[in-house]
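Data first, discussion second: the structure below is written as structure tokens.
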Amino acid sequence: MFFVSSLLVFASFGSAPASSLAAASTAFSVHELRQSIPYGFTKVGPAAPETNITLRIALAQSDPNGIIDALYSVSDPESVSYGQHLTKNEVNRFVAPSDETVQAVDAWLGEHGLTAKRLSPAGDWLSLEVSVSQASSLLDTNFSVFRHTETRTESVRTLAYSLPQSLRGHIDLVHPTVSFAVPTMRTAGPTIQKAGISRRDLNAACGNGTIPACLQELYQIPLAPATQKDNNLGVTGFFGNSAHFAWLESFLKAERPDMDPTTNFTVVGIDGGTNDQDGPSVSEGELDIQYTVGLATNVPVTYYFVGIDNQDGDLSGFLDEANFLLGLDKPPQVLTTSYGFQESTLSFALTDKLCQAYAQLGARGTTILFASGDSGVGCAPGSSSNFEPTFPSNCPLQVPADVTSVGGTQSFSPEQGWVGSSGGFSNYYARPSYQDGAVSAYLNALGDTNKGRFNASGRAFPDIAAKADDFRIFEVDQLFSIQGTSAASPTVASIIALLNDRLASAGKPPLGFLNPWLYKEGFNAFTDITTGNNSIKCSSNDTARGFDAVKGWDPVTGLGTPRFDKLLELLDL
């Protein structure tokens with residue numbers, strides 16, 4: 001069985017009281033270790049001692065299992081606490097580090113004349129500006145400069161670091177250290193056909209491409225406007241992916257003539273992000289906004305735009321956004337994100353901390369949707385045969401996964417699995433129990449096909465799907481065609497937001513974390529997609545390999561595509 005995580009060892013320690021720091025300077029234990037330089041990187045040489053770097057320190061949470069239990073309790077339809085989402089203070093009580101941990105870490109840093117800055121609302125993440133020389137002393141290691149051979153981007157990293165034994169159980173990880181994120185991290189970006197498309201009369205709702213009318217017909221999405229102003233839909237944006245207000249207005253005039261064309265969205269900047277209206281478009285921002293504002297009629301939409309002043313290192317603003325939302329008294333009820341990483345480019349410890357942040361949002365009632373990616377089954381770095389999962393689309397937290405992964409379909413009447421729809425099995429995370437029935441049935445039918453190319457016991461993704469092909473977006477005074485699961489995720493987000501509006505009108509809580517409900521009963525309101533595949537060639541000498549869409553759950557379209565009318569019935573609305 002193939003495990004990418006075998007390249008990286010994470011030393012996890014149980015809780016222990018802080019001991020005298022006098023011995024800490026000599027008594028170190030290896031905390032994280034990478035056994036070799038990752039594929040695609042080369043070592044340039046030692047990092048200059050005076051080079052400044054920013055370390056991020058993840059402190060041990062006071063009750064990490066408690067937040068997992070709370071998330072599952074409020075998300076499992078069979079639980080008596082189903083829908084009773086937690087407040088910010090209730091979540092913080094689970095994740096805030098203990099006084100003993102804070103004191104031990106402060107003493108360690110003070111011994112070196114250093115003071116950290118708090119990054120997260122609960123205080124479980126710290127930031128520290130140090131020189132390479134200071135970082136090497138703190139972590140009993142040597143930092144080097146590594147170059148990514150394709151992009152020529154250089155970064156300061158190490159293959160192992162240690163912590164004083166007195167900090168066992170107090171620090172979960174320090175980064176950037178042993179993670180080597182690929183610089184081009186947005187794996188779920190759209191494939192764009194940059195050719196202008198003129199409008200034609202529609203012979204059928206989907207006859208001339210995927211437009212709001214097509215999605216409304218296919219998934220029975222209502223035209224009726226939402227009424228609940230406290231029901232918010234969040235959209236993640238990153239630097240360079242501006243959404244233009246003028247182009248949204250033109251899109252609404254063309255595709256939603258029943259709506260007020262001046263309907264707009266709110267922009268909130270994170271890490272210095274600004275939704276620049278003067279810069280060129282790279283289409284992702286236009287897609288995400290036009291197919292949330294243009295589908296979730298009158299649902300307030302907020303564009304959380306992440307800039308380049310990231311505080312979370314290799315996580316490129318993902319954790320910064322999560323921490324920002326956790327600091328809000330009322331985070332959005334739905335968050336859709338069309339970006340991601342290859343799973344193996346980040347350490348397990350780092351991915352797990354991001355998943356923990358999403359678990360906190362889920363416990364507070366936020367539905368977190370991630371595009372599964374556009375690389376089919378993916379090709380593992382340095383391998384011509386092994387599949388590579390995406391992250392955070394496959395994000396779980398120990399037992400329950402805490403995000404919902406959205407794959408893609410193509411065509412209509414009937415829909416088929418889209419060839420680019422990323423899907424498969426995590427090499428880091430075990431399959432959550434609520435997936436056992438659906439995924440085991442798929443694996444039993446699969447037999448030995450692709451055996452050894454994927455981790456059959458891993459968290460399976462995607463969970464659900466929606467159309468991903470030939471989306472028409474408006475930019476630079478004309479319509480363009482665009483495709484990708486980054487179109488599917490905002491489509492599903494709009495459906496969930498409209499369902500939340502109906503739930504709020506009925507005095508009911510939002511759907512929150514979907515997966516336990518999806519796999520137990522929600523799938524009954526989804527259309528099973530049984531044709532198509534996500535096969536790709538990982539080398540010129542190999543044949544295309546991948547997974548097929550079949551009856552029941554599959555790693556191309558998950559449980560299928562949503563039907564709004566059936567979801568209403570299932571939710572007694």
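Simple scheme: letters A, B, ... for chains in structure tokens order, numbers from 1 for residues in each chain, numbers from 1 for ligands in the order shown.
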Exercise. Which polymer residues have any atom within 10 Å of an atom of Leu139 (chain A), counting only C-alpha atoms, with same-chain residues fewer than 4 positions away left out, as JSON, numbers by chain?
Worked result: {"A": [25, 28, 29, 30, 31, 134, 135, 143, 160, 161, 162, 163, 164, 174, 177]}
For this session: Please identify all polymer residues within 7 Å of region 99-109 of chain A, counting only C-alpha atoms, omitting same-chain residues fewer than 4 positions from it, and present them as a PyMOL selection string.
Result: chain A and resi 18+113-115+167+170
Save the residues we just selected, C-alpha atoms, as a tab-separated table (two decimals), in the first residue's frame?
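Once written, again-v3.tsv looks like this:
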chain	number	residue	atom	x	y	z
A	18	ALA	CA	7.02	21.60	32.14
A	113	GLY	CA	15.24	36.96	24.47
A	114	LEU	CA	12.25	36.49	22.19
A	115	THR	CA	8.55	37.36	22.39
A	167	LEU	CA	8.09	21.24	25.72
A	170	HIS	CA	3.06	21.82	24.66
Exercise. Which is closest to Phe391 (chain A) among A:Leu350, A:Leu252, A:Leu571, A:Val130, if we use only C-alpha atoms?
Worked result: A:Leu350
Exercise. What gap, in Å, lies between CA of Pro49 (chain A) and CA of Thr149 (chain A)?
Worked result: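 Answer for the CA of Pro49 (chain A) to CA of Thr149 (chain A) separation: 23.8 Å.
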Problem set entry | In region 377-447 of chain A, DSSP strand (DSSP E or B) residues written as a PyMOL selection string | chain A and resi 390-391+396+401+404-410+416-417+424-430
Output for the residues just chosen: N, CA, C and O atoms as a PDB file, in the first residue's frame:
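File produced: selection-v9.pdb:
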ATOM      1  N   THR A 390      -5.561  15.630  -3.505  1.00  0.00           N
ATOM      2  CA  THR A 390      -5.472  17.065  -3.261  1.00  0.00           C
ATOM      3  C   THR A 390      -5.817  17.367  -1.808  1.00  0.00           C
ATOM      4  O   THR A 390      -6.403  16.550  -1.098  1.00  0.00           O
ATOM      5  N   PHE A 391      -5.452  18.561  -1.384  1.00  0.00           N
ATOM      6  CA  PHE A 391      -5.709  19.044  -0.028  1.00  0.00           C
ATOM      7  C   PHE A 391      -5.984  20.542  -0.126  1.00  0.00           C
ATOM      8  O   PHE A 391      -5.383  21.210  -0.955  1.00  0.00           O
ATOM      9  N   PRO A 396      -9.888  15.841   6.718  1.00  0.00           N
ATOM     10  CA  PRO A 396     -10.663  15.352   7.841  1.00  0.00           C
ATOM     11  C   PRO A 396      -9.967  15.762   9.125  1.00  0.00           C
ATOM     12  O   PRO A 396      -8.902  16.369   9.108  1.00  0.00           O
ATOM     13  N   ALA A 401     -14.417  13.812   8.767  1.00  0.00           N
ATOM     14  CA  ALA A 401     -13.873  14.841   7.898  1.00  0.00           C
ATOM     15  C   ALA A 401     -14.588  16.139   8.242  1.00  0.00           C
ATOM     16  O   ALA A 401     -15.676  16.126   8.794  1.00  0.00           O
ATOM     17  N   THR A 404     -16.412  19.532   2.927  1.00  0.00           N
ATOM     18  CA  THR A 404     -17.111  18.763   1.903  1.00  0.00           C
ATOM     19  C   THR A 404     -16.439  19.026   0.566  1.00  0.00           C
ATOM     20  O   THR A 404     -16.295  20.173   0.141  1.00  0.00           O
ATOM     21  N   SER A 405     -15.991  17.958  -0.078  1.00  0.00           N
ATOM     22  CA  SER A 405     -15.262  18.032  -1.332  1.00  0.00           C
ATOM     23  C   SER A 405     -16.235  17.948  -2.505  1.00  0.00           C
ATOM     24  O   SER A 405     -17.080  17.049  -2.558  1.00  0.00           O
ATOM     25  N   VAL A 406     -16.086  18.885  -3.460  1.00  0.00           N
ATOM     26  CA  VAL A 406     -17.005  18.972  -4.589  1.00  0.00           C
ATOM     27  C   VAL A 406     -16.272  18.632  -5.882  1.00  0.00           C
ATOM     28  O   VAL A 406     -15.362  19.349  -6.307  1.00  0.00           O
ATOM     29  N   GLY A 407     -16.656  17.532  -6.493  1.00  0.00           N
ATOM     30  CA  GLY A 407     -16.109  17.135  -7.781  1.00  0.00           C
ATOM     31  C   GLY A 407     -16.908  17.728  -8.929  1.00  0.00           C
ATOM     32  O   GLY A 407     -17.788  18.571  -8.725  1.00  0.00           O
ATOM     33  N   GLY A 408     -16.611  17.275 -10.166  1.00  0.00           N
ATOM     34  CA  GLY A 408     -17.237  17.891 -11.324  1.00  0.00           C
ATOM     35  C   GLY A 408     -17.928  16.905 -12.257  1.00  0.00           C
ATOM     36  O   GLY A 408     -17.559  15.734 -12.344  1.00  0.00           O
ATOM     37  N   THR A 409     -18.938  17.416 -12.962  1.00  0.00           N
ATOM     38  CA  THR A 409     -19.609  16.654 -14.015  1.00  0.00           C
ATOM     39  C   THR A 409     -19.555  17.452 -15.309  1.00  0.00           C
ATOM     40  O   THR A 409     -19.208  18.632 -15.335  1.00  0.00           O
ATOM     41  N   GLN A 410     -19.927  16.809 -16.391  1.00  0.00           N
ATOM     42  CA  GLN A 410     -19.991  17.468 -17.687  1.00  0.00           C
ATOM     43  C   GLN A 410     -21.259  17.005 -18.391  1.00  0.00           C
ATOM     44  O   GLN A 410     -21.882  16.015 -18.015  1.00  0.00           O
ATOM     45  N   GLN A 416     -22.455  13.455 -16.880  1.00  0.00           N
ATOM     46  CA  GLN A 416     -21.398  12.452 -16.788  1.00  0.00           C
ATOM     47  C   GLN A 416     -20.282  12.989 -15.897  1.00  0.00           C
ATOM     48  O   GLN A 416     -20.153  14.188 -15.697  1.00  0.00           O
ATOM     49  N   GLY A 417     -19.461  12.081 -15.384  1.00  0.00           N
ATOM     50  CA  GLY A 417     -18.304  12.519 -14.628  1.00  0.00           C
ATOM     51  C   GLY A 417     -17.361  13.311 -15.524  1.00  0.00           C
ATOM     52  O   GLY A 417     -17.059  12.895 -16.649  1.00  0.00           O
ATOM     53  N   GLY A 424     -10.169  10.534  -5.273  1.00  0.00           N
ATOM     54  CA  GLY A 424      -9.359   9.388  -4.870  1.00  0.00           C
ATOM     55  C   GLY A 424      -9.365   9.216  -3.374  1.00  0.00           C
ATOM     56  O   GLY A 424     -10.429   9.332  -2.735  1.00  0.00           O
ATOM     57  N   PHE A 425      -8.169   9.008  -2.802  1.00  0.00           N
ATOM     58  CA  PHE A 425      -8.073   8.616  -1.400  1.00  0.00           C
ATOM     59  C   PHE A 425      -6.837   9.274  -0.775  1.00  0.00           C
ATOM     60  O   PHE A 425      -5.753   9.266  -1.357  1.00  0.00           O
ATOM     61  N   SER A 426      -7.032   9.805   0.420  1.00  0.00           N
ATOM     62  CA  SER A 426      -5.939  10.472   1.118  1.00  0.00           C
ATOM     63  C   SER A 426      -4.865   9.471   1.522  1.00  0.00           C
ATOM     64  O   SER A 426      -5.158   8.332   1.898  1.00  0.00           O
ATOM     65  N   ASN A 427      -3.605   9.924   1.461  1.00  0.00           N
ATOM     66  CA  ASN A 427      -2.500   9.134   1.992  1.00  0.00           C
ATOM     67  C   ASN A 427      -2.181   9.505   3.433  1.00  0.00           C
ATOM     68  O   ASN A 427      -1.375   8.833   4.087  1.00  0.00           O
ATOM     69  N   TYR A 428      -2.773  10.563   3.936  1.00  0.00           N
ATOM     70  CA  TYR A 428      -2.533  11.020   5.314  1.00  0.00           C
ATOM     71  C   TYR A 428      -3.638  10.586   6.273  1.00  0.00           C
ATOM     72  O   TYR A 428      -3.373  10.298   7.438  1.00  0.00           O
ATOM     73  N   TYR A 429      -4.885  10.581   5.799  1.00  0.00           N
ATOM     74  CA  TYR A 429      -6.030  10.469   6.705  1.00  0.00           C
ATOM     75  C   TYR A 429      -6.838   9.199   6.438  1.00  0.00           C
ATOM     76  O   TYR A 429      -7.100   8.844   5.291  1.00  0.00           O
ATOM     77  N   ALA A 430      -7.238   8.572   7.520  1.00  0.00           N
ATOM     78  CA  ALA A 430      -8.056   7.362   7.415  1.00  0.00           C
ATOM     79  C   ALA A 430      -9.487   7.724   7.020  1.00  0.00           C
ATOM     80  O   ALA A 430      -9.938   8.854   7.220  1.00  0.00           O
TER      81      ALA A 430
END
Problem set entry | Contacts of Gln216 (chain A) at 10 Å (only C-alpha atoms; same-chain gap of 4+ positions) as a PyMOL selection string | chain A and resi 205-206+211-212+220-223+295+495+563-564
The selected residues should be written to file as a JSON list (two decimals), in the first residue's frame (atoms: all heavy atoms).
[["chain", "number", "residue", "atom", "x", "y", "z"],
["A", 205, "ALA", "N", -32.26, 24.72, -21.98],
["A", 205, "ALA", "CA", -31.63, 25.51, -20.92],
["A", 205, "ALA", "C", -30.12, 25.40, -20.95],
["A", 205, "ALA", "O", -29.41, 26.36, -20.66],
["A", 205, "ALA", "CB", -32.16, 25.07, -19.56],
["A", 206, "CYS", "N", -29.60, 24.24, -21.31],
["A", 206, "CYS", "CA", -28.15, 24.03, -21.30],
["A", 206, "CYS", "C", -27.58, 23.90, -22.71],
["A", 206, "CYS", "O", -26.42, 23.51, -22.87],
["A", 206, "CYS", "CB", -27.80, 22.77, -20.50],
["A", 206, "CYS", "SG", -28.29, 22.84, -18.76],
["A", 211, "ILE", "N", -25.00, 28.20, -18.00],
["A", 211, "ILE", "CA", -25.37, 29.53, -17.55],
["A", 211, "ILE", "C", -26.34, 29.34, -16.38],
["A", 211, "ILE", "O", -26.79, 28.22, -16.10],
["A", 211, "ILE", "CB", -26.02, 30.34, -18.69],
["A", 211, "ILE", "CG1", -27.25, 29.59, -19.25],
["A", 211, "ILE", "CG2", -25.01, 30.62, -19.79],
["A", 211, "ILE", "CD1", -28.00, 30.35, -20.33],
["A", 212, "PRO", "N", -26.68, 30.40, -15.65],
["A", 212, "PRO", "CA", -27.60, 30.21, -14.53],
["A", 212, "PRO", "C", -28.89, 29.49, -14.89],
["A", 212, "PRO", "O", -29.35, 28.63, -14.12],
["A", 212, "PRO", "CB", -27.86, 31.66, -14.08],
["A", 212, "PRO", "CG", -26.57, 32.36, -14.37],
["A", 212, "PRO", "CD", -26.10, 31.77, -15.67],
["A", 220, "GLN", "N", -32.91, 22.39, -10.26],
["A", 220, "GLN", "CA", -34.16, 22.95, -9.75],
["A", 220, "GLN", "C", -33.91, 24.06, -8.72],
["A", 220, "GLN", "O", -34.59, 24.17, -7.69],
["A", 220, "GLN", "CB", -35.04, 21.84, -9.14],
["A", 220, "GLN", "CG", -35.56, 20.83, -10.16],
["A", 220, "GLN", "CD", -36.47, 21.49, -11.18],
["A", 220, "GLN", "OE1", -37.58, 21.93, -10.86],
["A", 220, "GLN", "NE2", -36.00, 21.59, -12.43],
["A", 221, "ILE", "N", -32.92, 24.89, -9.00],
["A", 221, "ILE", "CA", -32.60, 26.03, -8.14],
["A", 221, "ILE", "C", -33.65, 27.11, -8.36],
["A", 221, "ILE", "O", -33.93, 27.49, -9.49],
["A", 221, "ILE", "CB", -31.20, 26.59, -8.46],
["A", 221, "ILE", "CG1", -30.14, 25.49, -8.32],
["A", 221, "ILE", "CG2", -30.86, 27.77, -7.57],
["A", 221, "ILE", "CD1", -28.76, 25.89, -8.81],
["A", 222, "PRO", "N", -34.24, 27.63, -7.29],
["A", 222, "PRO", "CA", -35.35, 28.57, -7.47],
["A", 222, "PRO", "C", -34.88, 29.97, -7.90],
["A", 222, "PRO", "O", -33.75, 30.39, -7.62],
["A", 222, "PRO", "CB", -35.97, 28.64, -6.07],
["A", 222, "PRO", "CG", -34.83, 28.37, -5.14],
["A", 222, "PRO", "CD", -33.97, 27.34, -5.87],
["A", 223, "LEU", "N", -35.78, 30.68, -8.58],
["A", 223, "LEU", "CA", -35.55, 32.08, -8.92],
["A", 223, "LEU", "C", -35.94, 33.00, -7.77],
["A", 223, "LEU", "O", -35.46, 34.13, -7.68],
["A", 223, "LEU", "CB", -36.36, 32.46, -10.16],
["A", 223, "LEU", "CG", -35.98, 31.81, -11.49],
["A", 223, "LEU", "CD1", -37.04, 32.10, -12.55],
["A", 223, "LEU", "CD2", -34.63, 32.33, -11.95],
["A", 295, "LEU", "N", -26.59, 33.04, -8.66],
["A", 295, "LEU", "CA", -27.39, 31.83, -8.41],
["A", 295, "LEU", "C", -28.13, 31.89, -7.08],
["A", 295, "LEU", "O", -29.30, 31.52, -6.99],
["A", 295, "LEU", "CB", -26.51, 30.58, -8.43],
["A", 295, "LEU", "CG", -26.20, 29.93, -9.78],
["A", 295, "LEU", "CD1", -25.34, 28.69, -9.58],
["A", 295, "LEU", "CD2", -27.48, 29.56, -10.53],
["A", 495, "ILE", "N", -26.57, 26.64, -3.67],
["A", 495, "ILE", "CA", -27.70, 25.79, -3.29],
["A", 495, "ILE", "C", -27.80, 25.67, -1.78],
["A", 495, "ILE", "O", -28.89, 25.80, -1.20],
["A", 495, "ILE", "CB", -27.54, 24.40, -3.95],
["A", 495, "ILE", "CG1", -27.72, 24.51, -5.46],
["A", 495, "ILE", "CG2", -28.53, 23.39, -3.35],
["A", 495, "ILE", "CD1", -27.40, 23.24, -6.23],
["A", 563, "ARG", "N", -30.29, 18.08, -6.03],
["A", 563, "ARG", "CA", -31.58, 18.55, -6.53],
["A", 563, "ARG", "C", -32.23, 19.39, -5.43],
["A", 563, "ARG", "O", -32.57, 18.87, -4.36],
["A", 563, "ARG", "CB", -32.48, 17.38, -6.92],
["A", 563, "ARG", "CG", -32.21, 16.80, -8.28],
["A", 563, "ARG", "CD", -32.83, 17.66, -9.38],
["A", 563, "ARG", "NE", -34.29, 17.76, -9.22],
["A", 563, "ARG", "CZ", -35.16, 17.04, -9.92],
["A", 563, "ARG", "NH1", -34.73, 16.15, -10.81],
["A", 563, "ARG", "NH2", -36.45, 17.20, -9.73],
["A", 564, "PHE", "N", -32.40, 20.68, -5.68],
["A", 564, "PHE", "CA", -32.91, 21.58, -4.65],
["A", 564, "PHE", "C", -34.30, 21.15, -4.18],
["A", 564, "PHE", "O", -34.59, 21.16, -2.98],
["A", 564, "PHE", "CB", -32.95, 23.01, -5.19],
["A", 564, "PHE", "CG", -33.29, 24.04, -4.15],
["A", 564, "PHE", "CD1", -32.29, 24.63, -3.39],
["A", 564, "PHE", "CD2", -34.60, 24.45, -3.95],
["A", 564, "PHE", "CE1", -32.60, 25.58, -2.43],
["A", 564, "PHE", "CE2", -34.92, 25.40, -2.99],
["A", 564, "PHE", "CZ", -33.91, 25.97, -2.23]]
Exercise. Could you work out how far CA of Ser486 (chain A) lies from CA of Gly209 (chain A), giving the answer in Å with one decimal?
Worked result: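 Atom-to-atom, CA of Gly209 (chain A) to CA of Ser486 (chain A), that is 16.2 Å.
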For this session: Tell me, as a PyMOL selection string, which residues lie within 8 Å of Arg364 (chain A), counting only C-alpha atoms; anything in the same chain fewer than 3 positions away does not count.
Result: chain A and resi 85-88+91+360-361+512
Preceding selection exported with C-alpha atoms as a compact mmCIF listing (two decimals), in the first residue's frame:
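Result written to again_39.txt:
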# COMPACT_ATOMS: atom_id res chain seq x y z
CA HIS A 85 -23.88 24.85 16.86
CA LEU A 86 -21.31 26.28 19.23
CA THR A 87 -20.53 29.93 19.95
CA LYS A 88 -17.08 31.48 19.49
CA VAL A 91 -15.10 26.74 20.63
CA GLN A 360 -13.82 24.81 14.65
CA LEU A 361 -15.71 26.61 11.89
CA GLY A 512 -23.36 23.35 8.94
Contacts of Thr236 (chain A) at 7 Å (only C-alpha atoms; same-chain gap of 5+ positions) as a compact mmCIF listing (two decimals) with N, CA and C atoms, in the first residue's frame:
# COMPACT_ATOMS: atom_id res chain seq x y z
N TYR A 303 -16.80 38.42 -0.31
CA TYR A 303 -15.58 37.95 -0.97
C TYR A 303 -14.42 38.17 0.00
N TYR A 304 -13.93 37.08 0.60
CA TYR A 304 -12.80 37.14 1.52
C TYR A 304 -11.52 37.05 0.68
N PHE A 305 -10.91 38.21 0.47
CA PHE A 305 -9.81 38.31 -0.48
C PHE A 305 -8.48 38.28 0.26
N THR A 336 -17.07 28.79 0.28
CA THR A 336 -16.60 28.01 -0.87
C THR A 336 -15.21 28.47 -1.27
N THR A 337 -14.33 27.50 -1.53
CA THR A 337 -12.94 27.77 -1.88
C THR A 337 -12.55 26.93 -3.10
Residues within 8 Å of region 501-507 of chain A, only C-alpha atoms, excluding chain neighbours under 3 positions, as a PDB file with N, CA, C and O atoms, in the first residue's frame:
ATOM      1  N   ALA A 226     -33.867  35.157  -1.771  1.00  0.00           N
ATOM      2  CA  ALA A 226     -33.735  34.874  -0.343  1.00  0.00           C
ATOM      3  C   ALA A 226     -34.259  36.051   0.465  1.00  0.00           C
ATOM      4  O   ALA A 226     -34.312  37.186  -0.021  1.00  0.00           O
ATOM      5  N   THR A 227     -34.625  35.794   1.705  1.00  0.00           N
ATOM      6  CA  THR A 227     -35.233  36.837   2.544  1.00  0.00           C
ATOM      7  C   THR A 227     -34.468  37.109   3.831  1.00  0.00           C
ATOM      8  O   THR A 227     -34.707  38.125   4.478  1.00  0.00           O
ATOM      9  N   GLN A 228     -33.542  36.229   4.201  1.00  0.00           N
ATOM     10  CA  GLN A 228     -32.871  36.338   5.499  1.00  0.00           C
ATOM     11  C   GLN A 228     -31.521  37.051   5.340  1.00  0.00           C
ATOM     12  O   GLN A 228     -30.589  36.506   4.763  1.00  0.00           O
ATOM     13  N   ASN A 231     -28.084  35.569   6.702  1.00  0.00           N
ATOM     14  CA  ASN A 231     -27.594  34.337   6.077  1.00  0.00           C
ATOM     15  C   ASN A 231     -26.528  34.711   5.057  1.00  0.00           C
ATOM     16  O   ASN A 231     -26.831  35.255   3.998  1.00  0.00           O
ATOM     17  N   VAL A 299     -28.973  36.351  -1.592  1.00  0.00           N
ATOM     18  CA  VAL A 299     -28.192  35.948  -0.424  1.00  0.00           C
ATOM     19  C   VAL A 299     -26.982  36.880  -0.321  1.00  0.00           C
ATOM     20  O   VAL A 299     -26.262  37.059  -1.312  1.00  0.00           O
ATOM     21  N   ALA A 497     -26.656  27.774   0.453  1.00  0.00           N
ATOM     22  CA  ALA A 497     -27.041  29.067   1.001  1.00  0.00           C
ATOM     23  C   ALA A 497     -28.544  29.306   0.879  1.00  0.00           C
ATOM     24  O   ALA A 497     -29.181  29.848   1.789  1.00  0.00           O
ATOM     25  N   LEU A 498     -29.131  28.905  -0.254  1.00  0.00           N
ATOM     26  CA  LEU A 498     -30.575  29.059  -0.422  1.00  0.00           C
ATOM     27  C   LEU A 498     -31.352  28.120   0.501  1.00  0.00           C
ATOM     28  O   LEU A 498     -32.425  28.479   1.006  1.00  0.00           O
ATOM     29  N   PRO A 510     -28.721  26.531  10.436  1.00  0.00           N
ATOM     30  CA  PRO A 510     -28.141  26.215   9.123  1.00  0.00           C
ATOM     31  C   PRO A 510     -27.637  24.785   9.079  1.00  0.00           C
ATOM     32  O   PRO A 510     -27.468  24.129  10.115  1.00  0.00           O
ATOM     33  N   LEU A 573     -39.107  21.146   4.358  1.00  0.00           N
ATOM     34  CA  LEU A 573     -39.313  22.573   4.119  1.00  0.00           C
ATOM     35  C   LEU A 573     -40.353  22.803   3.021  1.00  0.00           C
ATOM     36  O   LEU A 573     -40.540  21.979   2.150  1.00  0.00           O
TER      37      LEU A 573
END
Exercise. If we count only C-alpha atoms, what is near Tyr519 (chain A) at a cut-off of 12 Å, once residues fewer than 5 positions away on the same chain are taken out, given as a ChimeraX atom specification?
Worked result: /A:75-77,400-401,404,432-439,463-464,513-514,524-526,552-553,558-560
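With only C-alpha atoms as the atoms that count, the minimum distance from Leu499 (chain A) to the choices A:Ser98, A:Thr367, A:Thr266, A:Ser440 is reached by A:Thr367.
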For this session: Rounded to one decimal place, report the CA of Glu154 (chain A)-CA of Ile53 (chain A) distance in Å.
Result: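 Distance reported for this atom pair: 13.1 Å.
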For this session: If you run DSSP over the backbone, which residues in region 188-305 of chain A end up helix (DSSP H, G or I)? Put them as a PyMOL selection string.
Result: chain A and resi 212-219+245-255+284-293
Exercise. Which of these, A:Ser250, A:Ser166, A:Thr302, A:Thr351, has the shortest distance to Ala58 (chain A) once you count only C-alpha atoms?
Worked result: A:Thr351
Problem set entry | Nearest residue to Leu128 (chain A) from the set A:Pro280, A:Gly294, A:Pro38, A:Gly313 (distances using only C-alpha atoms) |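 Nearest candidate to Leu128 (chain A) out of A:Pro280, A:Gly294, A:Pro38, A:Gly313: A:Gly313.
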